[in-house]
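Source file: data.cif; contents: mmCIF, C-alpha atoms.
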```
data_final
loop_
_atom_site.label_atom_id
_atom_site.label_comp_id
_atom_site.auth_asym_id
_atom_site.auth_seq_id
_atom_site.Cartn_x
_atom_site.Cartn_y
_atom_site.Cartn_z
CA MET A 1 -62.51 9.56 -6.23
CA ALA A 2 -59.65 11.99 -6.31
CA SER A 3 -56.36 10.89 -7.83
CA PRO A 4 -53.45 10.49 -5.37
CA LEU A 5 -51.20 13.54 -5.17
CA ILE A 6 -48.11 11.32 -5.32
CA ASP A 7 -47.66 8.68 -7.96
CA PRO A 8 -47.01 5.31 -6.20
CA ALA A 9 -44.65 4.45 -9.04
CA LEU A 10 -42.23 7.02 -7.62
CA PHE A 11 -41.58 4.86 -4.56
CA GLU A 12 -41.40 1.73 -6.63
CA GLN A 13 -38.61 3.35 -8.62
CA LEU A 14 -36.83 4.44 -5.43
CA LYS A 15 -37.16 0.94 -4.00
CA ALA A 16 -35.62 -0.56 -7.13
CA LYS A 17 -32.69 1.88 -6.99
CA ILE A 18 -32.08 1.15 -3.31
CA GLU A 19 -32.08 -2.59 -3.95
CA GLU A 20 -29.70 -2.16 -6.88
CA ASP A 21 -27.32 -0.06 -4.74
CA ALA A 22 -27.43 -2.73 -2.04
CA LYS A 23 -26.44 -5.39 -4.57
CA VAL A 24 -23.54 -3.27 -5.80
CA ARG A 25 -22.31 -2.63 -2.26
CA GLN A 26 -22.51 -6.33 -1.41
CA GLU A 27 -20.62 -7.37 -4.53
CA LEU A 28 -17.90 -4.80 -3.84
CA HIS A 29 -17.73 -5.94 -0.22
CA ASP A 30 -17.23 -9.55 -1.29
CA ILE A 31 -14.47 -8.71 -3.78
CA VAL A 32 -12.66 -6.37 -1.38
CA GLU A 33 -12.93 -8.95 1.40
CA GLU A 34 -11.30 -11.53 -0.87
CA LEU A 35 -8.43 -9.14 -1.62
CA SER A 36 -8.16 -8.18 2.05
CA GLN A 37 -7.67 -11.82 3.06
CA GLN A 38 -4.98 -12.27 0.42
CA VAL A 39 -3.20 -9.12 1.61
CA ALA A 40 -3.42 -10.14 5.27
CA TYR A 41 -1.76 -13.46 4.44
CA VAL A 42 1.10 -11.71 2.63
CA GLN A 43 1.50 -9.24 5.49
CA GLY A 44 1.85 -12.21 7.82
CA LEU A 45 4.57 -13.67 5.62
CA LEU A 46 6.40 -10.35 5.39
CA SER A 47 6.36 -9.96 9.17
CA ARG A 48 8.89 -12.81 9.28
CA ILE A 49 11.45 -10.55 7.62
CA HIS A 50 12.32 -9.19 11.05
CA SER A 51 13.79 -12.53 12.08
CA THR A 52 15.09 -13.69 8.69
CA PRO A 53 18.81 -13.33 7.84
CA ARG A 54 19.47 -11.64 4.52
CA SER A 55 21.08 -14.81 3.17
CA GLN A 56 17.64 -16.44 3.30
CA TYR A 57 15.81 -13.62 1.46
CA PRO A 58 15.69 -15.35 -1.96
CA THR A 59 13.82 -18.38 -0.61
CA PHE A 60 11.68 -16.25 1.68
CA LEU A 61 10.72 -13.74 -1.01
CA LYS A 62 9.84 -16.48 -3.48
CA GLN A 63 7.09 -17.59 -1.12
CA VAL A 64 5.97 -13.98 -0.61
CA ASP A 65 5.83 -13.23 -4.32
CA GLU A 66 3.92 -16.43 -5.10
CA SER A 67 1.24 -15.25 -2.68
CA ILE A 68 1.29 -11.70 -4.05
CA SER A 69 0.69 -13.08 -7.54
CA LYS A 70 -2.78 -14.11 -6.39
CA TYR A 71 -3.75 -10.44 -6.14
CA GLY A 72 -3.94 -10.20 -9.92
CA ALA A 73 -7.23 -11.99 -10.56
CA THR A 74 -8.92 -10.32 -7.60
CA VAL A 75 -7.81 -6.81 -8.54
CA THR A 76 -8.93 -7.43 -12.12
CA LYS A 77 -12.34 -8.53 -10.82
CA LEU A 78 -12.52 -5.40 -8.63
CA SER A 79 -11.46 -3.12 -11.45
CA THR A 80 -13.95 -4.59 -13.90
CA PHE A 81 -16.90 -4.42 -11.52
CA ALA A 82 -16.05 -1.06 -9.93
CA SER A 83 -15.54 0.61 -13.30
CA GLY A 84 -19.22 0.02 -14.06
CA HIS A 85 -20.25 2.29 -11.20
CA PRO A 86 -19.45 5.86 -10.05
CA TYR A 87 -15.86 5.83 -8.75
CA TYR A 88 -16.18 8.44 -6.00
CA LYS A 89 -19.39 6.90 -4.71
CA HIS A 90 -17.70 3.62 -3.84
CA ASN A 91 -13.90 4.06 -3.75
CA PHE A 92 -13.84 4.37 0.06
CA LYS A 93 -14.75 0.68 0.20
CA TRP A 94 -11.48 -0.49 -1.30
CA THR A 95 -8.92 2.29 -0.90
CA ARG A 96 -7.43 1.04 2.39
CA THR A 97 -7.14 -2.53 1.13
CA VAL A 98 -5.55 -1.33 -2.11
CA GLN A 99 -3.06 0.75 -0.10
CA ASP A 100 -2.10 -2.32 1.91
CA ALA A 101 -1.76 -4.42 -1.25
CA ILE A 102 0.53 -1.80 -2.79
CA SER A 103 2.59 -1.70 0.42
CA THR A 104 3.29 -5.43 0.28
CA VAL A 105 4.39 -5.17 -3.36
CA LEU A 106 6.61 -2.17 -2.62
CA LEU A 107 8.20 -3.87 0.39
CA SER A 108 8.80 -7.18 -1.39
CA THR A 109 10.41 -5.33 -4.30
CA TRP A 110 12.56 -3.20 -2.01
CA LEU A 111 13.81 -6.35 -0.31
CA GLY A 112 14.89 -7.77 -3.67
CA GLY A 113 11.78 -9.64 -4.77
CA GLY A 114 8.83 -8.41 -6.77
CA PRO A 115 7.91 -8.72 -10.44
CA SER A 116 11.54 -8.44 -11.64
CA PRO A 117 13.79 -9.52 -8.75
CA GLN A 118 16.82 -7.25 -8.39
CA SER A 119 19.17 -6.10 -5.68
CA LEU A 120 18.05 -4.64 -2.37
CA GLY A 121 16.68 -1.10 -2.35
CA ARG A 122 14.59 -0.84 -5.53
CA LEU A 123 11.48 1.37 -5.29
CA LEU A 124 8.63 0.89 -7.76
CA SER A 125 7.14 4.07 -9.20
CA LEU A 126 3.40 4.76 -9.28
CA GLU A 127 3.34 3.78 -12.95
CA GLU A 128 5.18 0.51 -12.28
CA VAL A 129 2.68 -0.31 -9.54
CA GLY A 130 -0.14 0.28 -12.02
CA GLU A 131 1.57 -2.03 -14.50
CA PHE A 132 1.98 -4.69 -11.84
CA PHE A 133 -1.73 -4.63 -11.02
CA SER A 134 -2.71 -4.10 -14.68
CA VAL A 135 -4.85 -1.07 -13.79
CA PRO A 136 -4.59 2.62 -14.72
CA VAL A 137 -3.18 5.19 -12.33
CA ASN A 138 -4.18 8.74 -11.47
CA LEU A 139 -7.12 9.00 -13.88
CA LYS A 140 -8.45 12.54 -14.28
CA ASP A 141 -10.97 12.43 -17.11
CA GLU A 142 -12.46 8.96 -16.78
CA ASP A 143 -14.82 7.60 -14.13
CA ALA A 144 -13.20 4.19 -13.72
CA PHE A 145 -11.22 2.17 -11.21
CA HIS A 146 -7.61 3.28 -10.83
CA ILE A 147 -4.78 3.62 -8.33
CA THR A 148 -4.50 7.15 -6.99
CA ILE A 149 -1.40 9.13 -6.07
CA GLU A 150 -2.69 9.25 -2.49
CA GLU A 151 -2.97 5.46 -2.29
CA TYR A 152 0.62 5.15 -3.52
CA LEU A 153 1.88 7.72 -1.00
CA PHE A 154 0.06 6.08 1.90
CA ALA A 155 1.64 2.77 0.85
CA LEU A 156 5.08 4.40 0.84
CA ILE A 157 4.55 5.62 4.40
CA ASN A 158 3.52 2.12 5.42
CA ILE A 159 6.79 0.62 4.17
CA ILE A 160 8.77 3.39 5.91
CA ASP A 161 7.23 2.27 9.20
CA GLU A 162 8.07 -1.35 8.41
CA LEU A 163 11.63 -0.59 7.33
CA SER A 164 12.37 1.53 10.41
CA ARG A 165 11.48 -1.51 12.50
CA LEU A 166 13.58 -3.73 10.24
CA ALA A 167 16.59 -1.44 10.72
CA MET A 168 16.65 -2.20 14.43
CA ASN A 169 15.99 -5.91 14.00
CA SER A 170 18.67 -6.26 11.31
CA VAL A 171 21.24 -4.99 13.80
CA THR A 172 20.14 -7.74 16.18
CA LEU A 173 20.76 -10.20 13.35
CA GLY A 174 24.23 -8.73 12.83
CA ASP A 175 23.37 -7.03 9.53
CA THR A 176 24.49 -3.46 10.25
CA ALA A 177 24.77 -2.65 6.55
CA MET A 178 21.01 -3.12 6.23
CA ALA A 179 20.36 -0.50 8.91
CA VAL A 180 22.62 1.99 7.12
CA GLN A 181 20.92 1.37 3.78
CA ILE A 182 17.46 1.74 5.30
CA SER A 183 18.51 5.00 6.96
CA THR A 184 19.65 6.45 3.64
CA PHE A 185 16.51 5.28 1.86
CA ILE A 186 13.95 6.66 4.29
CA LYS A 187 15.84 9.96 4.59
CA ASP A 188 15.65 10.29 0.82
CA LEU A 189 11.94 9.50 0.89
CA HIS A 190 11.36 12.02 3.66
CA ALA A 191 13.16 14.69 1.64
CA GLY A 192 10.98 13.83 -1.34
CA PHE A 193 7.80 14.14 0.70
CA GLN A 194 8.82 17.66 1.74
CA MET A 195 8.61 18.71 -1.90
CA LEU A 196 4.92 17.79 -2.16
CA ASN A 197 2.09 20.27 -1.64
CA LEU A 198 -0.38 17.88 -0.05
CA LYS A 199 -4.06 18.79 0.22
CA ASN A 200 -5.20 15.62 1.98
CA ASP A 201 -5.16 16.36 5.73
CA LEU A 202 -4.78 12.73 6.79
CA LEU A 203 -1.95 12.18 4.32
CA ARG A 204 -0.24 15.36 5.48
CA LYS A 205 -0.35 14.12 9.10
CA ARG A 206 1.03 10.73 8.09
CA VAL A 207 3.85 12.38 6.14
CA ASP A 208 4.64 14.51 9.18
CA SER A 209 5.04 11.32 11.24
CA VAL A 210 7.77 10.07 8.87
CA LYS A 211 10.30 12.33 10.63
CA TYR A 212 9.98 10.15 13.74
CA ALA A 213 10.87 7.03 11.75
CA VAL A 214 13.84 8.87 10.25
CA LYS A 215 15.01 9.94 13.71
CA LYS A 216 14.62 6.42 15.10
CA VAL A 217 16.78 4.89 12.39
CA GLU A 218 19.31 7.73 12.56
CA ASP A 219 19.73 6.96 16.25
CA VAL A 220 20.40 3.30 15.42
CA VAL A 221 23.04 4.25 12.84
CA TYR A 222 24.60 6.81 15.17
CA ASP A 223 24.94 4.18 17.88
CA LEU A 224 26.58 1.84 15.38
CA SER A 225 29.03 4.56 14.35
CA LEU A 226 30.01 5.19 17.96
CA ARG A 227 30.87 1.51 18.27
CA ASN A 228 32.68 1.42 14.91
CA LEU A 229 30.21 -1.15 13.59
CA ILE A 230 29.31 0.54 10.32
CA PRO A 231 30.84 -1.43 7.44
CA SER A 232 33.17 0.38 5.05
CA LYS A 233 32.11 0.84 1.43
CA SER A 234 34.61 -1.76 0.31
CA GLY A 235 33.30 -4.24 2.84
CA GLU A 236 29.67 -4.12 1.77
#
```

What would you get if you wrote out this structure as C-alpha cells?
Amino acid sequence: MASPLIDPALFEQLKAKIEEDAKVRQELHDIVEELSQQVAYVQGLLSRIHSTPRSQYPTFLKQVDESISKYGATVTKLSTFASGHPYYKHNFKWTRTVQDAISTVLLSTWLGGGPSPQSLGRLLSLEEVGEFFSVPVNLKDEDAFHITIEEYLFALINIIDELSRLAMNSVTLGDTAMAVQISTFIKDLHAGFQMLNLKNDLLRKRVDSVKYAVKKVEDVVYDLSLRNLIPSKSGE
C-alpha cells in the first residue's frame, strides 16, 4: 500500500495551533471586556461633570478616581498576558479600550483629580500616562504590551470633544471662567497637533475634526465677551 502523500501529522499540528490561538483570543477578550466594563462605569461617572458645579469637583472627582484606580490590576493582567504573544497580531483587540481608559485618566486629571490632584488644567504627558498604568510607552525594539503614541493622541482628541461640550454646559452653570480656560486649552492642543506629521489616516481625520471643537468653544467665548461676561484676570 502506497504511503499517503501528505503526512496526517501536519493537520494535527495545524489543529493544535488553531486551538491555541483560540484560547489566546478568548483570554484576551475576557481581560479586555473586564477593563471595558470598568472604563464604561467611569465614563458614566464623568458624564455628570456637565451638571456638576465646580465647587463640588473635589467630592465628585474622589469618586471618579477611586473607580479609575481599579484599572491597575486589570491593565497589569492584560500587559502580562499580552506580552507573551505577538503584539501586532492582537493589539487591535484592546487598543480602543485602552484609548478610552487613557481618556478618562486625562480628563479626571485635567479637572483637578488624577494620581496627584492639582489645580484645573493639568495635562498628563505620554510618559506620565505610562507611569500611571505601570506599563511602557512607545516601544520600538521589544515585542511587548505598551501604550502607543497613537493611543495617547486619540485619547487627547476624546477629551477635546468632552471639554468642548463642558464649555457650553459650564456657562449654563454660571462658570464662564471655565469656558474661557477650556477655549485656551483646546486651542493650544490644536496648535500642537498641527506640528505633527501623522501617518495614520484615521488619526489624521480625527485631528482635522478638532478645528470644529475649537470653533464651537470660540463662539461660546465670543458670545460671552459681547455680553461682558468674561471674568477679569483679577477676578478669577

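As for atom CA of A:Gly84 and atom CA of A:Asp143, they are spaced 8.8 Å apart.
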
TODO: Work out how far apart atom CA of A:Gln38 and atom CA of A:Ser67 are and give it in Å to one decimal.
DONE: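 These atoms are spaced 7.6 Å apart.
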
TODO: Within 10 Å of stretch 183-186 of chain A, counting only C-alpha atoms, which residues show up once you throw out same-chain ones fewer than 3 positions away? Write them as a PyMOL selection string, please.
DONE: chain A and resi 121-123+156-157+159-161+163-164+167+177-180+189-192+210-211+213-221

Output file for the selection above: C-alpha atoms, as a compact mmCIF listing (two decimals), in the coordinates of the input:
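The result, stored in again_32.txt:
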```txt
# COMPACT_ATOMS: atom_id res chain seq x y z
CA GLY A 121 16.68 -1.10 -2.35
CA ARG A 122 14.59 -0.84 -5.53
CA LEU A 123 11.48 1.37 -5.29
CA LEU A 156 5.08 4.40 0.84
CA ILE A 157 4.55 5.62 4.40
CA ILE A 159 6.79 0.62 4.17
CA ILE A 160 8.77 3.39 5.91
CA ASP A 161 7.23 2.27 9.20
CA LEU A 163 11.63 -0.59 7.33
CA SER A 164 12.37 1.53 10.41
CA ALA A 167 16.59 -1.44 10.72
CA ALA A 177 24.77 -2.65 6.55
CA MET A 178 21.01 -3.12 6.23
CA ALA A 179 20.36 -0.50 8.91
CA VAL A 180 22.62 1.99 7.12
CA LEU A 189 11.94 9.50 0.89
CA HIS A 190 11.36 12.02 3.66
CA ALA A 191 13.16 14.69 1.64
CA GLY A 192 10.98 13.83 -1.34
CA VAL A 210 7.77 10.07 8.87
CA LYS A 211 10.30 12.33 10.63
CA ALA A 213 10.87 7.03 11.75
CA VAL A 214 13.84 8.87 10.25
CA LYS A 215 15.01 9.94 13.71
CA LYS A 216 14.62 6.42 15.10
CA VAL A 217 16.78 4.89 12.39
CA GLU A 218 19.31 7.73 12.56
CA ASP A 219 19.73 6.96 16.25
CA VAL A 220 20.40 3.30 15.42
CA VAL A 221 23.04 4.25 12.84
```

Task: Counting only C-alpha atoms, the residue of A:Gly114, A:Gln63, A:His90, A:Arg48 that sits nearest A:Gln26 - done: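 Distance minimum relative to A:Gln26 lands on A:His90.
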
TODO: Tell me which protein, DNA and RNA residues are within 12 Å of A:Pro136, counting all atoms listed in the file, leaving out same-chain ones fewer than 3 positions away, and put them as a ChimeraX atom specification.
DONE: /A:75-76,79-80,83,126-133,139-149

Output file for the residues above (C-alpha atoms, as a PDB file, in the frame of the given file):
```pdb
ATOM      1  CA  VAL A  75      -7.810  -6.810  -8.540  1.00  0.00           C
ATOM      2  CA  THR A  76      -8.930  -7.430 -12.120  1.00  0.00           C
ATOM      3  CA  SER A  79     -11.460  -3.120 -11.450  1.00  0.00           C
ATOM      4  CA  THR A  80     -13.950  -4.590 -13.900  1.00  0.00           C
ATOM      5  CA  SER A  83     -15.540   0.610 -13.300  1.00  0.00           C
ATOM      6  CA  LEU A 126       3.400   4.760  -9.280  1.00  0.00           C
ATOM      7  CA  GLU A 127       3.340   3.780 -12.950  1.00  0.00           C
ATOM      8  CA  GLU A 128       5.180   0.510 -12.280  1.00  0.00           C
ATOM      9  CA  VAL A 129       2.680  -0.310  -9.540  1.00  0.00           C
ATOM     10  CA  GLY A 130      -0.140   0.280 -12.020  1.00  0.00           C
ATOM     11  CA  GLU A 131       1.570  -2.030 -14.500  1.00  0.00           C
ATOM     12  CA  PHE A 132       1.980  -4.690 -11.840  1.00  0.00           C
ATOM     13  CA  PHE A 133      -1.730  -4.630 -11.020  1.00  0.00           C
ATOM     14  CA  LEU A 139      -7.120   9.000 -13.880  1.00  0.00           C
ATOM     15  CA  LYS A 140      -8.450  12.540 -14.280  1.00  0.00           C
ATOM     16  CA  ASP A 141     -10.970  12.430 -17.110  1.00  0.00           C
ATOM     17  CA  GLU A 142     -12.460   8.960 -16.780  1.00  0.00           C
ATOM     18  CA  ASP A 143     -14.820   7.600 -14.130  1.00  0.00           C
ATOM     19  CA  ALA A 144     -13.200   4.190 -13.720  1.00  0.00           C
ATOM     20  CA  PHE A 145     -11.220   2.170 -11.210  1.00  0.00           C
ATOM     21  CA  HIS A 146      -7.610   3.280 -10.830  1.00  0.00           C
ATOM     22  CA  ILE A 147      -4.780   3.620  -8.330  1.00  0.00           C
ATOM     23  CA  THR A 148      -4.500   7.150  -6.990  1.00  0.00           C
ATOM     24  CA  ILE A 149      -1.400   9.130  -6.070  1.00  0.00           C
TER      25      ILE A 149
END
```

- [ ] Could you give me, as a ChimeraX atom specification, the residues within 12 Å of A:Lys77, counting all atoms listed in the file and dropping anything in the same chain fewer than 5 positions from it?
- [x] /A:27-28,30-32,34-35,70-72,82-84,133-135,145

Open item on the list: Would you compute the distance between atom CA of A:Met168 and atom CA of A:Gln99? Give it in Å to one decimal.
Closed with: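 About the pair atom CA of A:Met168 and atom CA of A:Gln99: they are 24.7 Å apart.
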